[in-house]
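Q: Pasting structure_32.tsv below, which is TSV, C-alpha atoms.
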```
chain	number	residue	atom	x	y	z
A	10	MET	CA	-22.29	-5.72	5.18
A	11	GLN	CA	-22.67	-6.10	1.42
A	12	ASN	CA	-19.98	-3.48	0.86
A	13	ALA	CA	-17.59	-5.38	3.11
A	14	LEU	CA	-18.09	-8.48	0.96
A	15	PHE	CA	-17.33	-6.52	-2.21
A	16	VAL	CA	-14.16	-5.07	-0.69
A	17	GLY	CA	-13.07	-8.56	0.35
A	18	VAL	CA	-13.66	-9.92	-3.15
A	19	SER	CA	-11.61	-7.10	-4.68
A	20	ALA	CA	-8.75	-7.98	-2.32
A	21	GLN	CA	-8.99	-11.66	-3.26
A	22	THR	CA	-8.92	-10.78	-6.97
A	23	ALA	CA	-5.74	-8.75	-6.45
A	24	LEU	CA	-4.12	-11.54	-4.43
A	25	ALA	CA	-5.01	-14.12	-7.09
A	26	ARG	CA	-3.35	-11.89	-9.69
A	27	GLU	CA	-0.20	-11.62	-7.57
A	28	LEU	CA	-0.20	-15.39	-7.09
A	29	ASP	CA	-0.20	-15.86	-10.89
A	30	VAL	CA	2.81	-13.54	-11.20
A	31	ILE	CA	4.73	-15.37	-8.48
A	32	ALA	CA	3.92	-18.77	-10.01
A	33	ASN	CA	5.21	-17.60	-13.41
A	34	ASN	CA	8.42	-16.33	-11.82
A	35	MET	CA	8.99	-19.59	-9.97
A	36	ALA	CA	8.36	-21.60	-13.15
A	37	ASN	CA	11.17	-19.66	-14.87
A	38	VAL	CA	13.86	-19.84	-12.20
A	39	SER	CA	16.10	-21.79	-14.60
A	40	THR	CA	15.06	-20.05	-17.85
A	41	THR	CA	17.99	-18.40	-19.61
A	42	GLY	CA	17.75	-14.59	-19.59
A	43	PHE	CA	14.32	-14.54	-17.93
A	44	LYS	CA	13.23	-11.27	-16.32
A	45	ALA	CA	10.94	-11.47	-13.30
A	46	ARG	CA	7.77	-9.46	-12.90
A	47	SER	CA	6.11	-8.07	-9.79
A	48	ALA	CA	2.50	-7.13	-9.09
A	49	ARG	CA	1.49	-3.54	-8.36
A	50	PHE	CA	-1.86	-2.47	-6.93
A	51	GLN	CA	-3.53	0.81	-6.02
A	52	GLU	CA	-6.28	1.86	-3.68
A	53	TYR	CA	-9.49	2.83	-5.47
A	54	LEU	CA	-12.02	4.94	-3.57
A	55	MET	CA	-15.53	4.26	-4.78
A	56	PRO	CA	-17.05	7.72	-5.41
A	57	VAL	CA	-20.52	6.71	-6.63
A	58	ALA	CA	-22.43	6.33	-3.37
A	59	SER	CA	-23.32	9.69	-1.85
A	60	ALA	CA	-26.31	10.93	0.10
A	61	ASP	CA	-26.35	14.25	1.94
A	62	SER	CA	-29.80	13.69	3.45
A	63	PHE	CA	-28.54	11.19	6.03
A	64	GLN	CA	-27.39	12.25	9.49
A	65	ARG	CA	-24.01	10.74	8.69
A	66	SER	CA	-22.66	11.21	5.20
A	67	ASP	CA	-21.71	8.12	3.21
A	68	ARG	CA	-18.11	6.99	3.56
A	69	ARG	CA	-16.09	6.30	0.43
A	70	LEU	CA	-15.27	2.62	-0.03
A	71	SER	CA	-11.67	1.53	-0.52
A	72	TYR	CA	-11.18	-1.16	-3.20
A	73	VAL	CA	-8.04	-2.65	-4.76
A	74	ILE	CA	-7.28	-2.30	-8.48
A	75	ASP	CA	-4.51	-3.80	-10.60
A	76	GLN	CA	-1.78	-1.34	-11.59
A	77	GLY	CA	0.16	-3.74	-13.83
A	78	THR	CA	3.11	-6.09	-13.57
A	79	PRO	CA	6.36	-4.17	-14.13
A	80	LEU	CA	9.50	-5.94	-15.34
A	81	ASP	CA	12.53	-6.37	-13.14
A	82	LEU	CA	15.29	-5.49	-15.60
A	83	THR	CA	18.19	-6.03	-13.24
A	84	GLN	CA	21.08	-8.10	-14.55
A	85	GLY	CA	20.80	-11.84	-13.92
A	86	PRO	CA	23.84	-13.85	-12.81
A	87	VAL	CA	26.25	-14.68	-15.64
A	88	GLU	CA	27.64	-18.21	-15.70
A	89	PRO	CA	30.52	-19.19	-18.04
A	90	ASP	CA	30.03	-22.48	-19.87
A	91	SER	CA	32.80	-22.34	-22.52
A	92	ASN	CA	30.32	-22.89	-25.34
A	93	PRO	CA	31.40	-20.62	-28.23
A	94	MET	CA	27.80	-20.33	-29.44
A	95	HIS	CA	26.52	-19.01	-26.12
A	96	VAL	CA	26.53	-15.33	-25.18
A	97	ALA	CA	25.36	-13.44	-22.11
A	98	LEU	CA	23.98	-9.93	-22.51
A	99	ARG	CA	25.22	-7.23	-20.19
A	100	GLY	CA	23.57	-3.86	-19.97
A	101	ASP	CA	20.28	-2.50	-21.29
A	102	ALA	CA	19.85	-4.52	-24.48
A	103	PHE	CA	17.84	-7.26	-26.14
A	104	LEU	CA	18.48	-9.62	-29.02
A	105	ALA	CA	16.18	-9.40	-32.04
A	106	VAL	CA	14.75	-12.71	-33.30
A	107	GLN	CA	12.34	-13.62	-36.06
A	108	THR	CA	9.29	-15.68	-35.08
A	109	PRO	CA	6.18	-16.82	-37.00
A	110	GLN	CA	4.36	-13.90	-35.34
A	111	GLY	CA	6.97	-11.37	-36.44
A	112	LEU	CA	9.96	-9.67	-34.87
A	113	ARG	CA	10.39	-10.33	-31.16
A	114	TYR	CA	13.03	-9.59	-28.52
A	115	THR	CA	14.76	-11.78	-25.95
A	116	ARG	CA	17.71	-12.07	-23.56
A	117	ASN	CA	18.17	-15.74	-24.38
A	118	GLY	CA	21.73	-16.06	-25.71
A	119	ALA	CA	21.79	-19.87	-26.03
A	120	PHE	CA	22.42	-20.12	-29.78
A	121	GLU	CA	22.71	-23.13	-32.05
A	122	LEU	CA	22.63	-23.91	-35.77
A	123	ASP	CA	19.54	-25.41	-37.36
A	124	ALA	CA	19.52	-27.92	-40.23
A	125	THR	CA	19.97	-25.15	-42.83
A	126	GLY	CA	22.83	-23.43	-41.01
A	127	ASN	CA	20.80	-20.51	-39.63
A	128	LEU	CA	21.80	-19.19	-36.22
A	129	VAL	CA	18.79	-19.74	-33.93
A	130	THR	CA	17.92	-19.58	-30.25
A	131	SER	CA	17.30	-22.70	-28.18
A	132	ASP	CA	13.60	-22.30	-29.09
A	133	GLY	CA	14.38	-22.33	-32.82
A	134	HIS	CA	13.85	-18.61	-33.53
A	135	ALA	CA	16.18	-17.11	-36.15
A	136	VAL	CA	18.61	-14.66	-34.57
A	137	GLN	CA	18.73	-11.37	-36.43
A	138	GLY	CA	21.90	-9.60	-37.44
A	139	ASP	CA	22.27	-6.04	-38.67
A	140	GLY	CA	21.57	-7.36	-42.18
A	141	GLY	CA	18.99	-10.01	-41.36
A	142	PRO	CA	19.37	-13.71	-40.47
A	143	ILE	CA	22.86	-15.07	-39.96
A	144	THR	CA	23.78	-18.25	-41.86
A	145	ILE	CA	26.86	-20.39	-41.33
A	146	GLY	CA	27.96	-22.83	-44.05
A	147	GLN	CA	28.42	-26.51	-43.27
A	148	GLN	CA	32.10	-26.34	-44.21
A	149	GLU	CA	32.86	-23.37	-41.97
A	150	THR	CA	34.67	-23.90	-38.69
A	151	GLY	CA	35.95	-21.89	-35.75
A	152	LEU	CA	32.74	-19.94	-35.10
A	153	ALA	CA	33.36	-17.14	-32.62
A	154	ILE	CA	31.25	-14.30	-31.26
A	155	ALA	CA	32.99	-11.07	-30.20
A	156	PRO	CA	31.81	-8.82	-27.34
A	157	ASP	CA	30.39	-6.35	-29.88
A	158	GLY	CA	28.30	-9.11	-31.48
A	159	THR	CA	30.49	-9.72	-34.53
A	160	ILE	CA	30.30	-13.36	-35.67
A	161	SER	CA	33.24	-14.84	-37.53
A	162	THR	CA	34.41	-18.22	-38.80
A	163	ASN	CA	37.46	-19.50	-40.63
A	164	LEU	CA	36.10	-17.72	-43.72
A	165	GLY	CA	35.91	-14.33	-42.04
A	166	ILE	CA	33.13	-12.15	-40.63
A	167	ARG	CA	29.65	-13.59	-41.19
A	168	GLY	CA	27.56	-10.88	-39.57
A	169	ARG	CA	26.91	-8.89	-36.43
A	170	LEU	CA	24.19	-9.55	-33.88
A	171	ARG	CA	21.49	-6.91	-33.74
A	172	LEU	CA	21.37	-5.51	-30.20
A	173	VAL	CA	18.45	-3.18	-29.50
A	174	THR	CA	17.05	-1.13	-26.66
A	175	PHE	CA	13.81	0.76	-26.00
A	176	ALA	CA	12.92	4.20	-24.71
A	177	ASN	CA	10.50	2.57	-22.26
A	178	ALA	CA	11.36	-1.08	-21.65
A	179	GLN	CA	8.47	-1.35	-19.16
A	180	ALA	CA	6.10	-1.13	-22.13
A	181	LEU	CA	7.35	-4.46	-23.49
A	182	LYS	CA	4.67	-7.15	-23.62
A	183	SER	CA	5.46	-10.73	-22.64
A	184	GLU	CA	4.66	-13.13	-25.47
A	185	GLY	CA	5.60	-16.37	-23.72
A	186	ALA	CA	8.66	-18.54	-24.44
A	187	ASN	CA	10.85	-15.77	-22.96
A	188	LEU	CA	9.95	-13.37	-25.80
A	189	PHE	CA	8.81	-9.76	-25.76
A	190	SER	CA	7.00	-7.62	-28.30
A	191	SER	CA	6.94	-3.85	-28.57
A	192	GLU	CA	4.61	-1.38	-30.25
A	193	ALA	CA	7.34	1.27	-30.09
A	194	PRO	CA	10.23	0.94	-32.55
A	195	ALA	CA	13.48	-0.51	-31.27
A	196	ARG	CA	16.67	1.49	-31.48
A	197	PRO	CA	20.31	0.36	-31.55
A	198	ALA	CA	21.75	-0.40	-28.13
A	199	GLY	CA	24.27	2.06	-26.74
A	200	PRO	CA	27.94	1.45	-25.95
A	201	GLY	CA	27.01	0.33	-22.42
A	202	ALA	CA	25.52	-2.88	-23.80
A	203	HIS	CA	27.83	-5.70	-24.80
A	204	LEU	CA	28.09	-9.48	-24.92
A	205	GLU	CA	30.09	-11.94	-22.87
A	206	PRO	CA	30.94	-14.88	-25.16
A	207	GLY	CA	31.03	-18.40	-23.78
A	208	ALA	CA	28.53	-17.64	-21.00
A	209	LEU	CA	24.82	-17.38	-20.32
A	210	GLU	CA	22.74	-14.93	-18.33
A	211	ARG	CA	20.56	-16.85	-15.91
A	212	SER	CA	17.13	-15.84	-14.66
A	213	ASN	CA	17.09	-12.89	-12.25
A	214	VAL	CA	14.32	-14.53	-10.19
A	215	LYS	CA	15.28	-14.85	-6.51
A	216	PRO	CA	13.67	-18.11	-5.33
A	217	VAL	CA	13.86	-17.30	-1.62
A	218	VAL	CA	12.15	-13.93	-2.14
A	219	GLU	CA	9.45	-15.48	-4.32
A	220	MET	CA	8.78	-18.26	-1.79
A	221	THR	CA	8.42	-15.66	0.95
A	222	ARG	CA	5.97	-13.69	-1.19
A	223	LEU	CA	4.07	-16.88	-1.97
A	224	MET	CA	3.59	-17.73	1.71
A	225	ASP	CA	2.56	-14.15	2.51
A	226	VAL	CA	-0.03	-14.09	-0.32
A	227	ASN	CA	-1.46	-17.47	0.68
A	228	ARG	CA	-1.73	-16.39	4.31
A	229	THR	CA	-3.44	-13.11	3.40
A	230	TYR	CA	-5.81	-14.84	0.97
A	231	SER	CA	-6.85	-17.31	3.67
A	232	MET	CA	-7.44	-14.48	6.12
A	233	VAL	CA	-9.64	-12.56	3.66
A	234	SER	CA	-11.54	-15.76	2.85
A	235	SER	CA	-12.18	-16.29	6.55
A	236	VAL	CA	-13.52	-12.74	6.93
A	237	ILE	CA	-15.81	-13.15	3.91
A	238	SER	CA	-17.09	-16.46	5.26
A	239	ARG	CA	-17.86	-14.92	8.65
A	240	LEU	CA	-19.66	-11.99	7.04
A	241	ASP	CA	-21.73	-14.41	4.97
A	242	ASP	CA	-22.63	-16.40	8.10
A	243	LEU	CA	-23.54	-13.17	9.88
A	244	ARG	CA	-25.82	-12.14	7.02
A	245	GLY	CA	-27.50	-15.57	7.09
A	246	THR	CA	-28.03	-15.32	10.85
A	247	ALA	CA	-29.53	-11.84	10.49
A	248	ILE	CA	-31.95	-13.02	7.80
A	249	ARG	CA	-33.09	-15.98	9.91
A	250	ARG	CA	-33.67	-13.82	12.99
A	251	LEU	CA	-35.64	-11.26	10.99
A	252	ALA	CA	-37.76	-14.09	9.61
A	253	ASP	CA	-38.39	-15.39	13.14
A	254	VAL	CA	-39.51	-11.94	14.29
A	255	ALA	CA	-41.88	-11.68	11.37
```
Mind turning the file's structure into structure tokens?
A:
Amino acid sequence: MQNALFVGVSAQTALARELDVIANNMANVSTTGFKARSARFQEYLMPVASADSFQRSDRRLSYVIDQGTPLDLTQGPVEPDSNPMHVALRGDAFLAVQTPQGLRYTRNGAFELDATGNLVTSDGHAVQGDGGPITIGQQETGLAIAPDGTISTNLGIRGRLRLVTFANAQALKSEGANLFSSEAPARPAGPGAHLEPGALERSNVKPVVEMTRLMDVNRTYSMVSSVISRLDDLRGTAIRRLADVA
């Protein structure tokens, strides 16, 4: 009976983890360039208990363990908005930005100019070009971003956006604020990656799918809770009856 309670708790822990992932996805349905995550779990057979002296050998217990939350790197829908400072990424690539914590990577192509003329994301992080930050003078006009990332104004080319990719994008760590960090070095994006100026890549979260998952997780969690509650009541009844016999 005690083992059944432990198995139920392991299932509840896994479901709570999946609920956190779904909630984060739903909270970022409208976040520019957001990439959804999913929860993955694996059966774990408890190998510790074993006794060959019993008539029936011990059975291995099946628990649930967390196998991580892989990224869904599929392309999000691209929506034109005619803003010359907005770009949508297409293909396997990320933008490099400088943050107080160091170099980070994002798919957020909603750019703007800060008070000093630096090109920054909507969160205020300095967008990195091949030669470092990109600065536009106050007197410059006609800012345009080409599909290859080249930024130009009426005074000519001002820089080129640094597009990077990774050998294993699933190893990227979410840092919050739609940013990723990587322990592995980034490498230049290939020719398959390019920009679509005057547009933004929306979140690739599918609200209907996430709502369906949410209802399924809540239903399963309630069912497991009911089983655990009944097992606890059964244990209490058994203890009271044994006490009465004594």
Q: CA of Leu170 (chain A) and CA of Leu104 (chain A) are how many Å apart?
A: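 Those two atoms sit 7.5 Å apart.
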Q: Any chance you could tabulate, as a tab-separated table, the residues of region 119-186 of chain A at most 7 Å from region 202-215 of chain A with each one's nearest atom pair and distance in Å to one decimal, using all atoms listed in the file, in chain and rising number order?
A:
```
residue	atom	partner	partner_atom	distance
A:Ala119	CA	A:Leu209	CA	6.9
A:Ile154	CA	A:Pro206	CA	6.1
A:Ala155	CA	A:Pro206	CA	6.6
A:Pro156	CA	A:Leu204	CA	4.5
A:Asp157	CA	A:His203	CA	5.7
A:Gly158	CA	A:Leu204	CA	6.6
```
Q: Between A:Leu243, A:Asp139, A:Ser47, A:Val236, which is the closest to Ala20 (chain A) once you count only C-alpha atoms?
A: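 Answer, going by the shortest atom-to-atom distance: A:Val236.
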Q: Could you please determine the separation between CA of Asp75 (chain A) and CA of Ala176 (chain A) in Å, to one decimal place?
A: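 Value for the CA of Asp75 (chain A)-CA of Ala176 (chain A) distance: 23.8 Å.
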Q: Any idea what's packed within 10 Å of Gly151 (chain A), counting all atoms listed in the file, ignoring anything in its chain fewer than 4 positions away? Could you give it as a PyMOL selection string?
A: chain A and resi 93+161-165
Q: Using all atoms listed in the file, find the one residue out of A:Thr115, A:Ser91, A:Thr229, A:Thr144 that sits nearest to Ala186 (chain A).
A: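 Closest candidate: A:Thr115.
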Q: Using Å and a single decimal, report how far CA of Phe43 (chain A) sits from CA of Gly133 (chain A).
A: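 Going from CA of Gly133 (chain A) over to CA of Phe43 (chain A), I get 16.8 Å.
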Q: Counting all atoms listed in the file, what is within 8 Å of region 125-128 of chain A, bar same-chain residues fewer than 2 positions away, as an MDAnalysis selection string?
A: chainID A and resid 120:123 130 135:136 142:147
Q: Using all atoms listed in the file, pick whichever of A:Glu184, A:Glu219, A:Asp241, A:Asp101 has the shortest atom-to-atom distance to Gly17 (chain A).
A: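 Looking only at the distances to Gly17 (chain A), the closest residue turns out to be A:Asp241.
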